[in-house]
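> So here's upload_27.pdb, just PDB, C-alpha atoms, pLDDT in the B column:
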```pdb
ATOM      1  CA  MET P   1     163.659 -18.304 133.636  1.00 44.00           C
ATOM      2  CA  GLU P   2     160.946 -16.140 132.094  1.00 52.00           C
ATOM      3  CA  ASP P   3     160.848 -14.032 135.270  1.00 59.00           C
ATOM      4  CA  ASP P   4     164.504 -13.053 134.680  1.00 68.00           C
ATOM      5  CA  ILE P   5     163.876 -11.483 131.273  1.00 60.00           C
ATOM      6  CA  LYS P   6     164.272  -7.700 131.373  1.00 50.00           C
ATOM      7  CA  ILE P   7     161.824  -5.735 129.260  1.00 49.00           C
ATOM      8  CA  ILE P   8     162.867  -2.273 128.069  1.00 48.00           C
ATOM      9  CA  GLU P   9     160.295   0.142 126.714  1.00 54.00           C
ATOM     10  CA  LEU P  10     162.461   1.598 123.958  1.00 51.00           C
ATOM     11  CA  LYS P  11     159.987   4.137 122.593  1.00 55.00           C
ATOM     12  CA  GLN P  12     159.335   5.560 126.057  1.00 66.00           C
ATOM     13  CA  ASN P  13     163.069   5.878 126.718  1.00 70.00           C
ATOM     14  CA  VAL P  14     163.672   7.553 123.356  1.00 71.00           C
ATOM     15  CA  PHE P  15     160.930  10.130 123.976  1.00 82.00           C
ATOM     16  CA  LYS P  16     162.157  10.833 127.521  1.00 86.00           C
ATOM     17  CA  GLU P  17     165.743  11.425 126.452  1.00 90.00           C
ATOM     18  CA  ASN P  18     164.541  13.648 123.616  1.00 92.00           C
ATOM     19  CA  GLU P  19     162.394  15.731 125.988  1.00 93.00           C
ATOM     20  CA  VAL P  20     165.388  16.329 128.267  1.00 94.00           C
ATOM     21  CA  ASN P  21     167.517  17.494 125.325  1.00 96.00           C
ATOM     22  CA  ALA P  22     164.661  19.648 124.023  1.00 97.00           C
ATOM     23  CA  ASP P  23     164.295  21.427 127.364  1.00 97.00           C
ATOM     24  CA  ILE P  24     168.023  22.213 127.364  1.00 97.00           C
ATOM     25  CA  ILE P  25     167.733  23.786 123.903  1.00 98.00           C
ATOM     26  CA  ARG P  26     164.738  25.900 124.982  1.00 97.00           C
ATOM     27  CA  GLU P  27     166.579  27.164 128.038  1.00 96.00           C
ATOM     28  CA  GLU P  28     169.631  28.041 125.938  1.00 97.00           C
ATOM     29  CA  CYS P  29     167.583  29.939 123.354  1.00 97.00           C
ATOM     30  CA  LYS P  30     165.619  31.783 126.028  1.00 95.00           C
ATOM     31  CA  ALA P  31     168.823  32.810 127.796  1.00 96.00           C
ATOM     32  CA  ASN P  32     170.160  34.190 124.501  1.00 96.00           C
ATOM     33  CA  GLY P  33     166.916  35.956 123.563  1.00 96.00           C
ATOM     34  CA  GLN P  34     166.408  33.800 120.483  1.00 97.00           C
ATOM     35  CA  LEU P  35     162.999  32.608 119.326  1.00 98.00           C
ATOM     36  CA  MET P  36     162.961  29.142 117.739  1.00 98.00           C
ATOM     37  CA  ILE P  37     159.914  28.042 115.723  1.00 98.00           C
ATOM     38  CA  ASN P  38     159.301  24.516 114.471  1.00 98.00           C
ATOM     39  CA  VAL P  39     157.410  24.631 111.143  1.00 97.00           C
ATOM     40  CA  MET P  40     155.495  21.488 110.182  1.00 97.00           C
ATOM     41  CA  SER P  41     153.188  20.608 107.296  1.00 96.00           C
ATOM     42  CA  SER P  42     152.546  18.169 104.496  1.00 95.00           C
ATOM     43  CA  PRO P  43     154.699  18.396 101.348  1.00 92.00           C
ATOM     44  CA  GLY P  44     153.608  21.150  98.986  1.00 92.00           C
ATOM     45  CA  SER P  45     151.812  23.302 101.552  1.00 96.00           C
ATOM     46  CA  GLY P  46     154.165  26.216 100.920  1.00 95.00           C
ATOM     47  CA  LYS P  47     156.563  26.068 103.879  1.00 94.00           C
ATOM     48  CA  THR P  48     159.575  27.405 102.011  1.00 94.00           C
ATOM     49  CA  THR P  49     157.608  30.050 100.109  1.00 96.00           C
ATOM     50  CA  THR P  50     156.032  31.241 103.353  1.00 97.00           C
ATOM     51  CA  LEU P  51     159.424  31.442 105.055  1.00 97.00           C
ATOM     52  CA  VAL P  52     160.925  33.345 102.115  1.00 97.00           C
ATOM     53  CA  ARG P  53     158.235  36.043 102.262  1.00 97.00           C
ATOM     54  CA  THR P  54     158.482  36.188 106.062  1.00 98.00           C
ATOM     55  CA  ILE P  55     162.277  36.616 105.892  1.00 97.00           C
ATOM     56  CA  LYS P  56     162.094  39.358 103.267  1.00 97.00           C
ATOM     57  CA  GLU P  57     159.452  41.344 105.149  1.00 96.00           C
ATOM     58  CA  LEU P  58     161.092  40.943 108.564  1.00 96.00           C
ATOM     59  CA  ASN P  59     164.383  42.467 107.489  1.00 93.00           C
ATOM     60  CA  GLU P  60     164.787  44.157 110.868  1.00 95.00           C
ATOM     61  CA  TYR P  61     165.676  40.778 112.365  1.00 97.00           C
ATOM     62  CA  ASN P  62     168.522  38.358 111.795  1.00 97.00           C
ATOM     63  CA  ILE P  63     166.966  35.032 110.842  1.00 98.00           C
ATOM     64  CA  GLY P  64     168.344  31.525 110.530  1.00 97.00           C
ATOM     65  CA  VAL P  65     166.622  28.515 108.975  1.00 96.00           C
ATOM     66  CA  MET P  66     167.386  24.827 109.388  1.00 95.00           C
ATOM     67  CA  GLU P  67     166.124  23.091 106.258  1.00 91.00           C
ATOM     68  CA  CYS P  68     165.308  19.470 107.066  1.00 88.00           C
ATOM     69  CA  ASP P  69     164.800  16.966 104.288  1.00 76.00           C
ATOM     70  CA  ILE P  70     165.467  13.321 103.644  1.00 63.00           C
ATOM     71  CA  ASP P  71     167.656  14.428 100.716  1.00 66.00           C
ATOM     72  CA  ALA P  72     168.489  17.401  98.427  1.00 64.00           C
ATOM     73  CA  ASP P  73     169.584  20.941  99.314  1.00 73.00           C
ATOM     74  CA  VAL P  74     167.404  23.097  97.059  1.00 80.00           C
ATOM     75  CA  ASP P  75     165.461  24.782  99.872  1.00 85.00           C
ATOM     76  CA  ALA P  76     168.586  25.839 101.787  1.00 87.00           C
ATOM     77  CA  TYR P  77     169.839  27.773  98.768  1.00 89.00           C
ATOM     78  CA  THR P  78     166.410  29.370  98.300  1.00 92.00           C
ATOM     79  CA  ILE P  79     166.391  30.521 101.918  1.00 93.00           C
ATOM     80  CA  ARG P  80     169.926  31.902 101.676  1.00 93.00           C
ATOM     81  CA  GLU P  81     169.002  33.904  98.580  1.00 94.00           C
ATOM     82  CA  ALA P  82     166.107  35.400 100.568  1.00 95.00           C
ATOM     83  CA  GLY P  83     168.611  36.857 103.039  1.00 95.00           C
ATOM     84  CA  ALA P  84     168.664  34.405 105.935  1.00 96.00           C
ATOM     85  CA  ARG P  85     171.397  32.183 107.308  1.00 96.00           C
ATOM     86  CA  SER P  86     170.645  28.597 106.379  1.00 93.00           C
ATOM     87  CA  ILE P  87     171.846  25.046 106.740  1.00 92.00           C
ATOM     88  CA  GLN P  88     170.609  21.853 105.130  1.00 90.00           C
ATOM     89  CA  LEU P  89     170.029  18.885 107.416  1.00 89.00           C
ATOM     90  CA  HIS P  90     169.572  15.426 105.919  1.00 82.00           C
ATOM     91  CA  THR P  91     167.678  13.181 108.293  1.00 75.00           C
ATOM     92  CA  GLY P  92     169.086   9.943 106.926  1.00 71.00           C
ATOM     93  CA  GLY P  93     165.712   8.565 105.944  1.00 69.00           C
ATOM     94  CA  MET P  94     163.961   9.614 109.164  1.00 74.00           C
ATOM     95  CA  CYS P  95     160.643  11.394 108.654  1.00 81.00           C
ATOM     96  CA  HIS P  96     161.066  13.953 111.452  1.00 87.00           C
ATOM     97  CA  MET P  97     163.436  16.201 113.372  1.00 91.00           C
ATOM     98  CA  ASP P  98     164.271  15.649 117.027  1.00 93.00           C
ATOM     99  CA  ALA P  99     166.180  17.640 119.643  1.00 95.00           C
ATOM    100  CA  GLY P 100     169.487  15.943 118.917  1.00 93.00           C
ATOM    101  CA  MET P 101     169.266  16.910 115.246  1.00 92.00           C
ATOM    102  CA  THR P 102     168.297  20.453 116.216  1.00 95.00           C
ATOM    103  CA  LYS P 103     171.356  20.800 118.443  1.00 96.00           C
ATOM    104  CA  GLN P 104     173.606  19.535 115.679  1.00 93.00           C
ATOM    105  CA  GLY P 105     172.051  22.040 113.292  1.00 94.00           C
ATOM    106  CA  MET P 106     172.527  24.865 115.778  1.00 96.00           C
ATOM    107  CA  ASN P 107     176.197  24.018 116.178  1.00 95.00           C
ATOM    108  CA  GLU P 108     176.863  23.750 112.448  1.00 92.00           C
ATOM    109  CA  MET P 109     174.833  26.804 111.374  1.00 95.00           C
ATOM    110  CA  GLY P 110     175.987  29.023 114.216  1.00 96.00           C
ATOM    111  CA  MET P 111     173.551  30.871 116.450  1.00 97.00           C
ATOM    112  CA  ASP P 112     175.510  34.062 117.104  1.00 97.00           C
ATOM    113  CA  GLY P 113     173.553  37.209 116.317  1.00 97.00           C
ATOM    114  CA  LEU P 114     170.308  35.467 115.336  1.00 97.00           C
ATOM    115  CA  ASP P 115     166.933  36.729 116.577  1.00 97.00           C
ATOM    116  CA  ILE P 116     164.693  34.050 115.044  1.00 98.00           C
ATOM    117  CA  VAL P 117     165.465  30.472 114.060  1.00 98.00           C
ATOM    118  CA  PHE P 118     163.004  28.472 111.988  1.00 98.00           C
ATOM    119  CA  ILE P 119     163.166  24.694 111.735  1.00 97.00           C
ATOM    120  CA  GLU P 120     161.557  23.701 108.454  1.00 95.00           C
ATOM    121  CA  ASN P 121     160.685  20.152 109.438  1.00 94.00           C
ATOM    122  CA  VAL P 122     160.325  17.216 107.072  1.00 91.00           C
ATOM    123  CA  GLY P 123     157.089  17.321 105.075  1.00 90.00           C
ATOM    124  CA  ASN P 124     154.924  14.938 107.076  1.00 90.00           C
ATOM    125  CA  LEU P 125     151.816  15.302 109.246  1.00 93.00           C
ATOM    126  CA  VAL P 126     152.467  12.396 111.609  1.00 92.00           C
ATOM    127  CA  CYS P 127     156.045  11.834 112.831  1.00 90.00           C
ATOM    128  CA  PRO P 128     157.114  15.490 113.277  1.00 93.00           C
ATOM    129  CA  ALA P 129     154.230  16.040 115.695  1.00 94.00           C
ATOM    130  CA  GLU P 130     155.491  13.270 117.983  1.00 92.00           C
ATOM    131  CA  PHE P 131     159.034  14.573 118.550  1.00 93.00           C
ATOM    132  CA  ASP P 132     159.963  17.699 120.508  1.00 96.00           C
ATOM    133  CA  THR P 133     162.601  19.632 118.557  1.00 96.00           C
ATOM    134  CA  GLY P 134     163.451  22.063 121.350  1.00 97.00           C
ATOM    135  CA  ALA P 135     161.586  24.913 119.659  1.00 98.00           C
ATOM    136  CA  SER P 136     159.567  27.236 121.881  1.00 97.00           C
ATOM    137  CA  ILE P 137     156.815  27.572 119.276  1.00 98.00           C
ATOM    138  CA  ASN P 138     155.258  24.879 117.090  1.00 98.00           C
ATOM    139  CA  MET P 139     153.612  26.001 113.874  1.00 98.00           C
ATOM    140  CA  THR P 140     151.839  24.138 111.107  1.00 98.00           C
ATOM    141  CA  ILE P 141     150.907  25.298 107.632  1.00 98.00           C
ATOM    142  CA  LEU P 142     147.683  24.047 106.067  1.00 98.00           C
ATOM    143  CA  SER P 143     147.157  24.949 102.417  1.00 98.00           C
ATOM    144  CA  VAL P 144     143.700  25.522 100.986  1.00 98.00           C
ATOM    145  CA  PRO P 145     144.028  22.790  98.311  1.00 97.00           C
ATOM    146  CA  GLU P 146     144.502  20.204 101.086  1.00 96.00           C
ATOM    147  CA  GLY P 147     140.958  20.791 102.324  1.00 97.00           C
ATOM    148  CA  ASP P 148     139.312  22.055 105.504  1.00 97.00           C
ATOM    149  CA  ASP P 149     139.091  18.501 106.887  1.00 96.00           C
ATOM    150  CA  LYS P 150     142.857  18.128 107.427  1.00 96.00           C
ATOM    151  CA  PRO P 151     142.625  18.805 111.196  1.00 97.00           C
ATOM    152  CA  ALA P 152     140.065  16.038 111.531  1.00 96.00           C
ATOM    153  CA  LYS P 153     142.297  13.573 109.686  1.00 96.00           C
ATOM    154  CA  TYR P 154     145.593  14.461 111.402  1.00 97.00           C
ATOM    155  CA  PRO P 155     144.612  15.739 114.860  1.00 97.00           C
ATOM    156  CA  LEU P 156     147.929  15.406 116.725  1.00 96.00           C
ATOM    157  CA  ILE P 157     149.813  17.997 114.710  1.00 97.00           C
ATOM    158  CA  TYR P 158     147.089  20.560 115.454  1.00 98.00           C
ATOM    159  CA  GLU P 159     146.968  19.599 119.120  1.00 97.00           C
ATOM    160  CA  VAL P 160     150.663  20.426 119.583  1.00 97.00           C
ATOM    161  CA  CYS P 161     150.749  23.601 117.463  1.00 97.00           C
ATOM    162  CA  ASP P 162     150.665  27.131 118.835  1.00 98.00           C
ATOM    163  CA  ILE P 163     150.163  28.684 115.393  1.00 98.00           C
ATOM    164  CA  VAL P 164     148.335  27.538 112.266  1.00 98.00           C
ATOM    165  CA  LEU P 165     148.867  29.382 108.992  1.00 98.00           C
ATOM    166  CA  VAL P 166     146.189  28.577 106.425  1.00 98.00           C
ATOM    167  CA  ASN P 167     148.099  29.257 103.218  1.00 98.00           C
ATOM    168  CA  LYS P 168     147.163  29.746  99.541  1.00 98.00           C
ATOM    169  CA  ILE P 169     143.984  31.680 100.296  1.00 98.00           C
ATOM    170  CA  ASP P 170     144.387  33.257  96.849  1.00 96.00           C
ATOM    171  CA  ALA P 171     143.091  29.880  95.578  1.00 95.00           C
ATOM    172  CA  MET P 172     140.062  29.864  97.881  1.00 94.00           C
ATOM    173  CA  ALA P 173     137.584  30.445  95.054  1.00 91.00           C
ATOM    174  CA  VAL P 174     138.834  27.390  93.192  1.00 95.00           C
ATOM    175  CA  PHE P 175     138.463  24.932  96.053  1.00 95.00           C
ATOM    176  CA  ASP P 176     135.550  23.938  98.251  1.00 91.00           C
ATOM    177  CA  PHE P 177     137.135  25.203 101.474  1.00 96.00           C
ATOM    178  CA  ASP P 178     135.060  26.293 104.470  1.00 96.00           C
ATOM    179  CA  LYS P 179     137.085  28.766 106.550  1.00 96.00           C
ATOM    180  CA  ASP P 180     134.759  28.713 109.547  1.00 97.00           C
ATOM    181  CA  LEU P 181     134.609  24.929 109.617  1.00 97.00           C
ATOM    182  CA  CYS P 182     138.391  24.725 109.381  1.00 98.00           C
ATOM    183  CA  VAL P 183     138.860  27.081 112.331  1.00 98.00           C
ATOM    184  CA  SER P 184     136.205  25.220 114.299  1.00 98.00           C
ATOM    185  CA  ARG P 185     137.997  21.920 113.762  1.00 98.00           C
ATOM    186  CA  ILE P 186     141.327  23.411 114.814  1.00 98.00           C
ATOM    187  CA  LYS P 187     139.874  25.070 117.918  1.00 98.00           C
ATOM    188  CA  GLU P 188     138.120  21.873 118.932  1.00 98.00           C
ATOM    189  CA  LEU P 189     141.517  20.194 119.079  1.00 98.00           C
ATOM    190  CA  ASN P 190     143.441  23.177 120.424  1.00 98.00           C
ATOM    191  CA  PRO P 191     141.447  26.159 121.744  1.00 98.00           C
ATOM    192  CA  ASP P 192     144.612  28.233 122.244  1.00 97.00           C
ATOM    193  CA  ALA P 193     145.926  27.896 118.692  1.00 98.00           C
ATOM    194  CA  LYS P 194     146.340  31.158 116.771  1.00 98.00           C
ATOM    195  CA  VAL P 195     144.989  30.844 113.226  1.00 98.00           C
ATOM    196  CA  PHE P 196     146.043  33.152 110.390  1.00 98.00           C
ATOM    197  CA  PHE P 197     144.794  33.083 106.793  1.00 98.00           C
ATOM    198  CA  VAL P 198     147.572  34.063 104.386  1.00 98.00           C
ATOM    199  CA  SER P 199     148.815  33.846 100.843  1.00 98.00           C
ATOM    200  CA  SER P 200     152.571  33.524 100.626  1.00 97.00           C
ATOM    201  CA  LYS P 201     152.234  34.208  96.888  1.00 96.00           C
ATOM    202  CA  THR P 202     150.344  37.530  97.031  1.00 97.00           C
ATOM    203  CA  GLY P 203     151.127  38.609 100.613  1.00 97.00           C
ATOM    204  CA  GLU P 204     147.461  38.751 101.598  1.00 97.00           C
ATOM    205  CA  GLY P 205     147.040  38.354 105.355  1.00 97.00           C
ATOM    206  CA  PHE P 206     150.766  38.655 106.034  1.00 98.00           C
ATOM    207  CA  ASP P 207     150.586  41.909 108.010  1.00 98.00           C
ATOM    208  CA  GLU P 208     148.591  40.263 110.790  1.00 98.00           C
ATOM    209  CA  TRP P 209     150.903  37.235 110.865  1.00 98.00           C
ATOM    210  CA  LEU P 210     154.086  39.340 110.859  1.00 98.00           C
ATOM    211  CA  ASN P 211     152.870  41.671 113.596  1.00 98.00           C
ATOM    212  CA  TYR P 212     152.053  38.681 115.784  1.00 98.00           C
ATOM    213  CA  LEU P 213     155.504  37.231 115.097  1.00 98.00           C
ATOM    214  CA  ARG P 214     157.148  40.537 116.011  1.00 97.00           C
ATOM    215  CA  GLY P 215     155.360  40.415 119.340  1.00 97.00           C
ATOM    216  CA  LEU P 216     156.695  36.928 119.997  1.00 96.00           C
ATOM    217  CA  VAL P 217     160.242  38.018 119.169  1.00 96.00           C
ATOM    218  CA  ASN P 218     160.016  41.028 121.466  1.00 92.00           C
ATOM    219  CA  ASP P 219     158.865  38.780 124.311  1.00 88.00           C
ATOM    220  CA  TYR P 220     162.183  36.941 124.026  1.00 80.00           C
ATOM    221  CA  LYS P 221     164.328  40.078 124.090  1.00 72.00           C
TER     222      LYS P 221
END
```
Any chance you could give the structure as structure tokens?


Amino acid sequence: MEDDIKIIELKQNVFKENEVNADIIREECKANGQLMINVMSSPGSGKTTTLVRTIKELNEYNIGVMECDIDADVDAYTIREAGARSIQLHTGGMCHMDAGMTKQGMNEMGMDGLDIVFIENVGNLVCPAEFDTGASINMTILSVPEGDDKPAKYPLIYEVCDIVLVNKIDAMAVFDFDKDLCVSRIKELNPDAKVFFVSSKTGEGFDEWLNYLRGLVNDYK
């Protein structure tokens, strides 16, 4: 009888279905000339503050933001006040976004007229890195107070990211943070990752980041 038992690899099936849905989203966004960026980080790294400054300084583009949290809607209102279209997505206790949630957010927020869509993923350095959201670009934010050893401790999120913003560099003098070592650790995991050092509070380093983002947007037009 044991030979008749059917074994189903649930995790593998879940990932496969998610990848199919994610590819559909990417194709749709590409066809419409819309750049979607998945923003990941630990809680408190400055995701929302970084997005607010980015939105205000990129006023030549129409921007939408999907705010993803387990609960609350504070960040969605903050983003809307900054001038972007926003929607709050509650993940129902799940610690990550996936392609199905992204599609639901797209439908509810409305994609018409948008040039850039940011997914502000749940604050977590593990689960979000495992699930494809359908975004064309993955980005993570590492804040200086977290330490330069974060890539060594949480390698997967840096392996899957195209962009790393090292935020809160205005606090560099207060913390024992080695910029060169941080970049070296990131590049060891992902040689193609673009690394930018910024302060979302003061605006330091933002010109380089924004010009790079403009180039990405233009590639989708």

> Could you tell me how far atom CA of Ser45 of chain P sits from atom CA of Glu81 of chain P, in Å to one decimal place?

20.4 Å

> Can you tell me how far atom CA of Asp132 of chain P sits from atom CA of Val160 of chain P, in Å to one decimal?

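Result for atom CA of Asp132 of chain P versus atom CA of Val160 of chain P: 9.7 Å, one decimal.
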
> Between atom CA of Val122 of chain P and atom CA of Gly134 of chain P, what is the distance in Å, rounded to a tenth?

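Distance between the two atoms: 15.4 Å.
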
> For the structure shown, which residues end up in the PyMOL selection byres ((chain P and resi 182-186) around 10)? Put them as an mmCIF file with C-alpha atoms, in the frame of the given file, please?


```cif
data_model
loop_
_atom_site.group_PDB
_atom_site.id
_atom_site.type_symbol
_atom_site.label_atom_id
_atom_site.label_comp_id
_atom_site.auth_asym_id
_atom_site.auth_seq_id
_atom_site.Cartn_x
_atom_site.Cartn_y
_atom_site.Cartn_z
ATOM 1 C CA LEU P 142 147.683 24.047 106.067
ATOM 2 C CA VAL P 144 143.700 25.522 100.986
ATOM 3 C CA GLY P 147 140.958 20.791 102.324
ATOM 4 C CA ASP P 148 139.312 22.055 105.504
ATOM 5 C CA ASP P 149 139.091 18.501 106.887
ATOM 6 C CA LYS P 150 142.857 18.128 107.427
ATOM 7 C CA PRO P 151 142.625 18.805 111.196
ATOM 8 C CA ALA P 152 140.065 16.038 111.531
ATOM 9 C CA PRO P 155 144.612 15.739 114.860
ATOM 10 C CA TYR P 158 147.089 20.560 115.454
ATOM 11 C CA GLU P 159 146.968 19.599 119.120
ATOM 12 C CA CYS P 161 150.749 23.601 117.463
ATOM 13 C CA VAL P 164 148.335 27.538 112.266
ATOM 14 C CA VAL P 166 146.189 28.577 106.425
ATOM 15 C CA PHE P 177 137.135 25.203 101.474
ATOM 16 C CA ASP P 178 135.060 26.293 104.470
ATOM 17 C CA LYS P 179 137.085 28.766 106.550
ATOM 18 C CA ASP P 180 134.759 28.713 109.547
ATOM 19 C CA LEU P 181 134.609 24.929 109.617
ATOM 20 C CA LYS P 187 139.874 25.070 117.918
ATOM 21 C CA GLU P 188 138.120 21.873 118.932
ATOM 22 C CA LEU P 189 141.517 20.194 119.079
ATOM 23 C CA ASN P 190 143.441 23.177 120.424
ATOM 24 C CA PRO P 191 141.447 26.159 121.744
ATOM 25 C CA ASP P 192 144.612 28.233 122.244
ATOM 26 C CA ALA P 193 145.926 27.896 118.692
ATOM 27 C CA LYS P 194 146.340 31.158 116.771
ATOM 28 C CA VAL P 195 144.989 30.844 113.226
ATOM 29 C CA PHE P 196 146.043 33.152 110.390
#
```

> Care to translate the PyMOL selection byres ((chain P and resi 205) around 12) into actual residues of this file, as a PyMOL selection string?

chain P and resi 50+53-54+165-170+195-204+206-212

> Identify all residues satisfying the PyMOL selection byres ((chain P and resi 219) around 10) in the given file; provide them as a PyMOL selection string.

chain P and resi 30+33-35+213-218+220-221

> Taking the point (171.7, 33.8, 113.5) as given in the file, collect each protein or nucleic acid residue that comes within 6 Å of it, counting all atoms listed in the file, and present the set as a list in words.

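Residues satisfying the cut-off, written out: Asn62, Ile63, Gly64, Met111, Asp112, Gly113 and Leu114 of chain P.
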
> Go through P:Val52, P:Ala99, P:Cys29, P:Leu125 one by one, measure the shortest atom-to-atom distance of each to Ile79 of chain P using only C-alpha atoms, and give the residue with the smallest value.

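Going through P:Val52, P:Ala99, P:Cys29, P:Leu125 one by one, the smallest distance to Ile79 of chain P is for P:Val52.
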
> Using all atoms listed in the file, which residue out of P:Glu57, P:Asp98, P:Glu27, P:Asp176 lies closest to Ile119 of chain P?

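Distance minimum relative to Ile119 of chain P lands on P:Asp98.
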
> Looking at P:Asn124, P:Asn38, P:Ser143, P:Asn21, which one is nearest to Met94 of chain P, with distances taken over only C-alpha atoms?

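Looking at the shortest contact to Met94 of chain P, the residue is P:Asn124.
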
> Skip Tyr61 of chain P itself and residues of its chain fewer than 4 positions away, then list as an mmCIF file with C-alpha atoms, in the frame of the given file all residues within 9 Å of it, counting only C-alpha atoms.


```cif
data_model
loop_
_atom_site.group_PDB
_atom_site.id
_atom_site.type_symbol
_atom_site.label_atom_id
_atom_site.label_comp_id
_atom_site.auth_asym_id
_atom_site.auth_seq_id
_atom_site.Cartn_x
_atom_site.Cartn_y
_atom_site.Cartn_z
ATOM 1 C CA ILE P 55 162.277 36.616 105.892
ATOM 2 C CA LEU P 114 170.308 35.467 115.336
ATOM 3 C CA ASP P 115 166.933 36.729 116.577
ATOM 4 C CA ILE P 116 164.693 34.050 115.044
#
```

> Would you list the contacts of Val65 of chain P as a PDB file with C-alpha atoms, keeping the file's coordinate frame, taking every protein, DNA or RNA residue within 6 Å and counting all atoms listed in the file, but skipping same-chain residues closer than 6 positions in sequence?


```
ATOM      1  CA  SER P  86     170.645  28.597 106.379  1.00 93.00           C
ATOM      2  CA  VAL P 117     165.465  30.472 114.060  1.00 98.00           C
ATOM      3  CA  PHE P 118     163.004  28.472 111.988  1.00 98.00           C
ATOM      4  CA  ILE P 119     163.166  24.694 111.735  1.00 97.00           C
TER       5      ILE P 119
END
```

> Find, counting all atoms listed in the file, the residue in P:Gly100, P:Gly110, P:Gly123, P:Pro145 that gets nearest to Glu17 of chain P.

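Using all atoms listed in the file, the shortest distance to Glu17 of chain P belongs to P:Gly100.
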
> Using only C-alpha atoms, can you tell me which of P:Ala76, P:Val126, P:Leu156, P:Met66 comes closest to Asn107 of chain P?

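Ranking P:Ala76, P:Val126, P:Leu156, P:Met66 by distance to Asn107 of chain P, first place goes to P:Met66.
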
> Given all atoms listed in the file as the basis, pick out the residue of P:Pro43, P:Val74, P:Gly92, P:Ala129 nearest to Glu146 of chain P.

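With all atoms listed in the file as the atom set, the closest residue is P:Pro43.
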